[in-house]
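entry-v2.cif follows; it contains mmCIF, C-alpha atoms.
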data_entry
loop_
_atom_site.label_atom_id
_atom_site.label_comp_id
_atom_site.auth_asym_id
_atom_site.auth_seq_id
_atom_site.Cartn_x
_atom_site.Cartn_y
_atom_site.Cartn_z
CA MET J 22 1.42 -81.30 49.12
CA ARG J 23 -1.12 -83.62 47.48
CA HIS J 24 -0.52 -85.21 44.11
CA ASP J 25 -3.46 -87.64 44.11
CA LEU J 26 -5.41 -87.90 40.87
CA HIS J 27 -9.12 -87.88 41.69
CA ALA J 28 -11.69 -89.29 39.29
CA ALA J 29 -13.46 -85.93 39.05
CA LYS J 30 -10.31 -84.36 37.64
CA THR J 31 -9.49 -86.93 34.99
CA ARG J 32 -11.67 -85.42 32.24
CA LYS J 33 -9.25 -82.58 31.55
CA TYR J 34 -6.51 -85.14 30.88
CA TRP J 35 -8.47 -87.03 28.23
CA PRO J 36 -7.13 -84.93 25.32
CA ALA J 37 -3.57 -85.71 26.36
CA THR J 38 -4.42 -89.40 26.64
CA ILE J 39 -6.02 -89.41 23.19
CA ALA J 40 -3.02 -87.61 21.71
CA CYS J 41 -0.73 -90.12 23.34
CA GLY J 42 -2.72 -92.95 21.76
CA LEU J 43 -2.39 -91.36 18.35
CA VAL J 44 1.36 -91.07 18.80
CA LEU J 45 1.61 -94.70 19.86
CA GLY J 46 -0.37 -95.63 16.78
CA LEU J 47 2.45 -94.16 14.70
CA GLY J 48 4.98 -96.34 16.49
CA VAL J 49 6.55 -93.57 18.60
CA SER J 50 6.36 -93.63 22.39
CA CYS J 51 4.96 -90.66 24.30
CA ALA J 52 8.13 -90.50 26.39
CA GLU J 53 10.15 -89.94 23.21
CA ALA J 54 7.69 -87.39 21.86
CA ALA J 55 7.58 -85.20 24.96
CA PRO J 56 10.05 -85.85 27.80
CA PRO J 57 8.66 -84.71 31.16
CA ILE J 58 10.08 -81.52 32.61
CA GLU J 59 11.29 -83.54 35.61
CA ALA J 60 13.74 -85.43 33.36
CA GLY J 61 17.37 -84.32 33.51
CA VAL J 62 20.13 -83.85 36.06
CA TRP J 63 19.38 -82.11 39.37
CA ILE J 64 21.72 -81.04 42.17
CA ASN J 65 20.20 -82.07 45.48
CA HIS J 66 19.45 -79.81 48.45
CA THR J 67 22.81 -80.51 50.11
CA GLY J 68 24.83 -79.50 47.06
CA LYS J 69 26.93 -82.66 47.54
CA GLY J 70 25.38 -84.79 44.80
CA ALA J 71 23.39 -84.74 41.59
CA VAL J 72 20.70 -87.13 40.41
CA GLU J 73 19.71 -87.88 36.83
CA ILE J 74 15.96 -88.47 36.51
CA ARG J 75 14.88 -90.51 33.52
CA PRO J 76 12.32 -93.19 32.54
CA CYS J 77 12.84 -96.42 34.45
CA GLY J 78 12.86 -98.44 31.23
CA ASN J 79 12.52 -98.31 27.46
CA SER J 80 9.24 -100.15 27.10
CA GLY J 81 6.18 -101.33 28.98
CA ALA J 82 5.05 -99.91 32.31
CA SER J 83 8.59 -98.98 33.31
CA ALA J 84 8.82 -96.53 30.39
CA ASN J 85 5.96 -94.52 31.94
CA ARG J 86 7.61 -94.25 35.34
CA LEU J 87 10.56 -92.15 36.48
CA CYS J 88 13.69 -93.27 38.30
CA GLY J 89 16.75 -91.38 39.53
CA PHE J 90 20.44 -92.29 39.72
CA ILE J 91 23.39 -90.47 41.30
CA VAL J 92 25.66 -89.18 38.52
CA TRP J 93 27.80 -86.58 40.34
CA LEU J 94 29.38 -86.32 43.77
CA LYS J 95 31.24 -83.39 45.24
CA GLU J 96 33.41 -85.84 47.17
CA PRO J 97 33.17 -89.24 45.43
CA ASN J 98 35.90 -90.97 47.45
CA LYS J 99 36.66 -91.85 51.05
CA LYS J 100 39.70 -90.49 52.85
CA ASN J 101 41.70 -93.55 51.77
CA GLY J 102 40.89 -92.83 48.11
CA GLU J 103 38.38 -95.65 47.64
CA PRO J 104 34.97 -94.83 46.11
CA LEU J 105 32.13 -94.15 48.50
CA THR J 106 29.87 -97.17 49.00
CA ASP J 107 26.36 -97.80 50.28
CA GLY J 108 27.69 -98.76 53.70
CA TYR J 109 24.54 -97.90 55.68
CA ASN J 110 22.22 -100.10 53.63
CA PRO J 111 20.22 -102.43 55.89
CA ASP J 112 20.85 -105.19 53.33
CA ALA J 113 24.42 -106.33 53.97
CA GLY J 114 24.65 -107.66 50.42
CA LYS J 115 24.29 -104.14 49.02
CA ARG J 116 26.77 -102.30 51.22
CA ARG J 117 29.60 -102.58 48.69
CA ARG J 118 27.62 -100.82 45.95
CA THR J 119 29.29 -97.59 44.89
CA ILE J 120 27.36 -94.38 45.55
CA CYS J 121 28.07 -93.20 42.01
CA GLY J 122 25.36 -94.72 39.84
CA LEU J 123 23.25 -95.69 42.86
CA PRO J 124 19.46 -95.70 42.25
CA VAL J 125 17.89 -93.26 44.71
CA LEU J 126 14.48 -92.63 43.10
CA GLY J 127 12.11 -95.18 41.63
CA SER J 128 8.61 -96.13 40.49
CA LEU J 129 7.36 -92.52 40.28
CA GLN J 130 4.01 -92.38 38.46
CA ARG J 131 2.48 -89.37 36.76
CA VAL J 132 -0.38 -87.83 38.73
CA SER J 133 -2.13 -84.49 38.80
CA GLY J 134 0.53 -81.79 39.14
CA GLY J 135 3.61 -84.01 39.16
CA TRP J 136 4.78 -87.55 39.97
CA ASP J 137 3.93 -89.62 43.06
CA ASN J 138 3.63 -93.14 44.50
CA GLY J 139 7.37 -93.72 44.14
CA TRP J 140 10.24 -94.17 46.56
CA VAL J 141 13.40 -92.28 47.53
CA TYR J 142 16.46 -93.85 49.12
CA ASP J 143 18.81 -91.87 51.38
CA PRO J 144 22.25 -93.53 51.41
CA GLU J 145 23.38 -91.34 54.32
CA GLN J 146 20.76 -93.04 56.50
CA GLY J 147 20.30 -96.32 54.68
CA ALA J 148 16.57 -95.57 54.73
CA GLN J 149 13.83 -95.58 52.10
CA PHE J 150 10.71 -93.39 52.04
CA ASP J 151 7.69 -92.83 49.84
CA ALA J 152 8.31 -90.02 47.37
CA ALA J 153 6.65 -87.43 45.15
CA ILE J 154 8.26 -84.84 42.87
CA VAL J 155 7.10 -81.77 41.02
CA ALA J 156 9.35 -79.58 38.88
CA GLY J 157 9.64 -76.32 37.00
CA LYS J 158 12.31 -75.24 34.55
CA THR J 159 15.02 -74.65 37.14
CA GLN J 160 13.80 -76.19 40.41
CA LEU J 161 12.41 -79.53 41.57
CA VAL J 162 10.66 -80.21 44.87
CA LEU J 163 11.10 -83.68 46.34
CA THR J 164 8.66 -84.70 49.07
CA GLY J 165 9.48 -87.70 51.23
CA TYR J 166 6.88 -89.31 53.47
CA LYS J 167 5.79 -92.55 55.10
CA GLY J 168 2.38 -93.69 53.89
CA VAL J 169 0.70 -90.30 54.31
CA LYS J 170 2.01 -86.79 53.61
CA PHE J 171 0.90 -85.31 56.93
CA PHE J 172 4.43 -85.69 58.34
CA SER J 173 6.23 -85.23 55.05
CA LYS J 174 9.43 -83.28 54.39
CA SER J 175 10.13 -81.38 51.19
CA PHE J 176 13.48 -80.48 49.68
CA THR J 177 14.28 -78.19 46.77
CA TRP J 178 16.73 -79.31 44.10
CA ARG J 179 18.12 -77.14 41.31
CA ARG J 180 18.77 -78.08 37.72
CA ALA J 181 22.43 -78.86 37.11
CA PRO J 182 24.50 -77.02 34.50
CA ALA J 183 25.04 -78.82 31.22
CA ASP J 184 28.81 -79.10 31.78
CA LEU J 185 28.55 -80.82 35.17
CA PRO J 186 31.16 -83.62 35.17
CA ARG J 187 29.62 -87.06 35.70
CA CYS J 188 31.09 -89.68 37.99
CA ASP J 189 29.46 -92.49 35.98
CA GLN J 190 31.52 -91.71 32.87
CA PRO J 191 35.26 -92.30 32.32
CA ARG J 192 37.50 -89.32 32.93
CA GLU J 193 39.53 -87.92 30.05
CA ALA J 194 42.71 -87.86 32.12
CA ARG J 195 43.81 -91.34 33.16
CA ALA J 196 47.01 -92.67 34.68
CA THR J 197 49.46 -94.29 32.30
CA PRO J 198 49.93 -98.09 32.42
CA ASP J 199 53.37 -97.59 34.03
CA ASP J 200 51.88 -95.41 36.74
CA ALA J 201 49.14 -97.95 37.37
CA ARG J 202 51.66 -100.81 37.76
CA ALA J 203 53.94 -98.83 40.01
CA GLY J 204 51.09 -97.44 42.06
CA ALA J 205 52.38 -93.93 41.44
CA PRO J 206 50.15 -91.04 42.47
CA LYS J 207 48.35 -89.12 39.76
CA LYS J 208 50.48 -86.34 38.32
CA THR J 209 49.18 -82.84 38.79
CA ALA J 210 50.46 -79.48 37.63
CA ALA J 211 52.75 -77.75 40.12
CA ALA J 212 51.17 -74.85 41.92
CA PRO J 213 52.73 -71.47 41.11
CA GLN J 214 55.10 -70.02 43.71
CA LEU J 215 53.56 -67.08 45.51
CA LYS J 216 55.76 -64.37 47.00
CA ALA J 217 54.80 -62.93 50.33
CA PRO J 218 54.03 -59.22 50.09
CA ARG J 219 56.40 -56.75 51.69
CA PRO J 220 55.30 -55.54 55.13
CA VAL J 221 53.66 -52.15 55.00
CA PRO J 222 55.15 -49.70 57.55
CA ALA J 223 52.71 -48.39 60.08
CA VAL J 224 51.67 -44.80 59.44
CA ARG J 225 50.55 -42.68 62.37
CA PRO J 226 47.42 -40.71 61.48
CA PRO J 227 47.82 -36.91 61.51
CA ALA J 228 46.74 -35.05 64.62
CA ALA J 229 43.23 -33.74 64.55
CA VAL J 230 42.86 -30.09 63.67
CA GLU J 231 41.15 -28.16 66.40
#
Please go through the file and, once you have read it, give me the structure as structure tokens.
Amino acid sequence: MRHDLHAAKTRKYWPATIACGLVLGLGVSCAEAAPPIEAGVWINHTGKGAVEIRPCGNSGASANRLCGFIVWLKEPNKKNGEPLTDGYNPDAGKRRRTICGLPVLGSLQRVSGGWDNGWVYDPEQGAQFDAAIVAGKTQLVLTGYKGVKFFSKSFTWRRAPADLPRCDQPREARATPDDARAGAPKKTAAAPQLKAPRPVPAVRPPAAVE
């Protein structure tokens, strides 16, 4: 999948560039006027996490590039209850970063047909790759590669529902101060008692009629 922008193809993008200049002349950024379709929250190909894609900054060159941050995890905690951390990062100083909120996409630049020349970080491997993305209304294709796309791998993400709970925002239900001091477990509603069904007596099928 190539996303390179060749010089011969730039002419058809001049109207958009001119329009962008007019908008900037009115004091409104192009990102604010027309968010890219890639922006938003996407559930990754594993179904275990979701990434919010948004401009890397509010002004300057970073405002014209896209970044991605983990905002939902199917299992946000370890078995001992502690939040998952970036334990496989080759930089020992970053291994205590929580996975929730972790930047996993960065420096993506708009090119013909999508965004390219960025990077993607896989916390399950502690490895970083070159990255390109292209999206529709409901699906996004992420391509990871090293230098060239000949040996690239592509993954399909799906747009997350609007009511997806975010791990980077405080939960509505919190433990009381007394529970926090005592270290009491979080209170949950008791599960309803289920009665076992009565055993059904075996019924011998009628003899076949000859």
Task: For atom CA of J:Gly127 and atom CA of J:Glu103, the interatomic separation in Å (one decimal) - done: 27.0 Å
Closest atom pairs, residues of stretch 139-171 of chain J within 8 Å of stretch 176-191 of chain J, all atoms listed in the file, as JSON lines:
{"residue": "J:Lys158", "atom": "CA", "partner": "J:Arg180", "partner_atom": "CA", "distance": 7.7}
{"residue": "J:Thr159", "atom": "CA", "partner": "J:Arg180", "partner_atom": "CA", "distance": 5.1}
{"residue": "J:Gln160", "atom": "CA", "partner": "J:Arg179", "partner_atom": "CA", "distance": 4.5}
{"residue": "J:Leu161", "atom": "CA", "partner": "J:Trp178", "partner_atom": "CA", "distance": 5.0}
{"residue": "J:Val162", "atom": "CA", "partner": "J:Thr177", "partner_atom": "CA", "distance": 4.6}
{"residue": "J:Leu163", "atom": "CA", "partner": "J:Phe176", "partner_atom": "CA", "distance": 5.2}
{"residue": "J:Thr164", "atom": "CA", "partner": "J:Phe176", "partner_atom": "CA", "distance": 6.4}
Find the residues near J:Gly135: any atom within 9 Å, counting all atoms listed in the file, skip ones fewer than 6 places away on the same chain, and give them as a PDB file with C-alpha atoms, in the coordinates of the input.
ATOM      1  CA  HIS J  24      -0.520 -85.210  44.110  1.00  0.00           C
ATOM      2  CA  GLU J  59      11.290 -83.540  35.610  1.00  0.00           C
ATOM      3  CA  ALA J 153       6.650 -87.430  45.150  1.00  0.00           C
ATOM      4  CA  ILE J 154       8.260 -84.840  42.870  1.00  0.00           C
ATOM      5  CA  VAL J 155       7.100 -81.770  41.020  1.00  0.00           C
ATOM      6  CA  ALA J 156       9.350 -79.580  38.880  1.00  0.00           C
TER       7      ALA J 156
END
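With distances restricted to only C-alpha atoms, J:Cys88 is the closest residue to J:Trp136 from J:Ala71, J:Ala113, J:Ala55, J:Cys88.
One distance worth recording is that between atom CA of J:Ala60 and atom CA of J:Tyr166, which is 21.6 Å.
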- [ ] Please write as a ChimeraX atom specification the full residue list that the PyMOL selection byres ((chain J and resi 95) around 9) yields on this file.
- [x] /J:68-71,93-94,96-97
Selected residues written out, C-alpha atoms, as a CSV table (one decimal), keeping the file's coordinate frame:
chain,number,residue,atom,x,y,z
J,68,GLY,CA,24.8,-79.5,47.1
J,69,LYS,CA,26.9,-82.7,47.5
J,70,GLY,CA,25.4,-84.8,44.8
J,71,ALA,CA,23.4,-84.7,41.6
J,93,TRP,CA,27.8,-86.6,40.3
J,94,LEU,CA,29.4,-86.3,43.8
J,96,GLU,CA,33.4,-85.8,47.2
J,97,PRO,CA,33.2,-89.2,45.4
- [ ] Could you check which of J:Asn85, J:Ser80, J:Asn138, J:Asn65 is closest to J:Asp151, using all atoms listed in the file?
- [x] J:Asn138
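Atom to atom, atom CA of J:Leu87 and atom CA of J:Gly108 stand 25.2 Å apart.
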Task: Residues in the PyMOL selection byres ((chain J and resi 128) around 12), expressed as a ChimeraX atom specification - done: /J:74-78,82-89,124-127,129-131,136-142,151-154
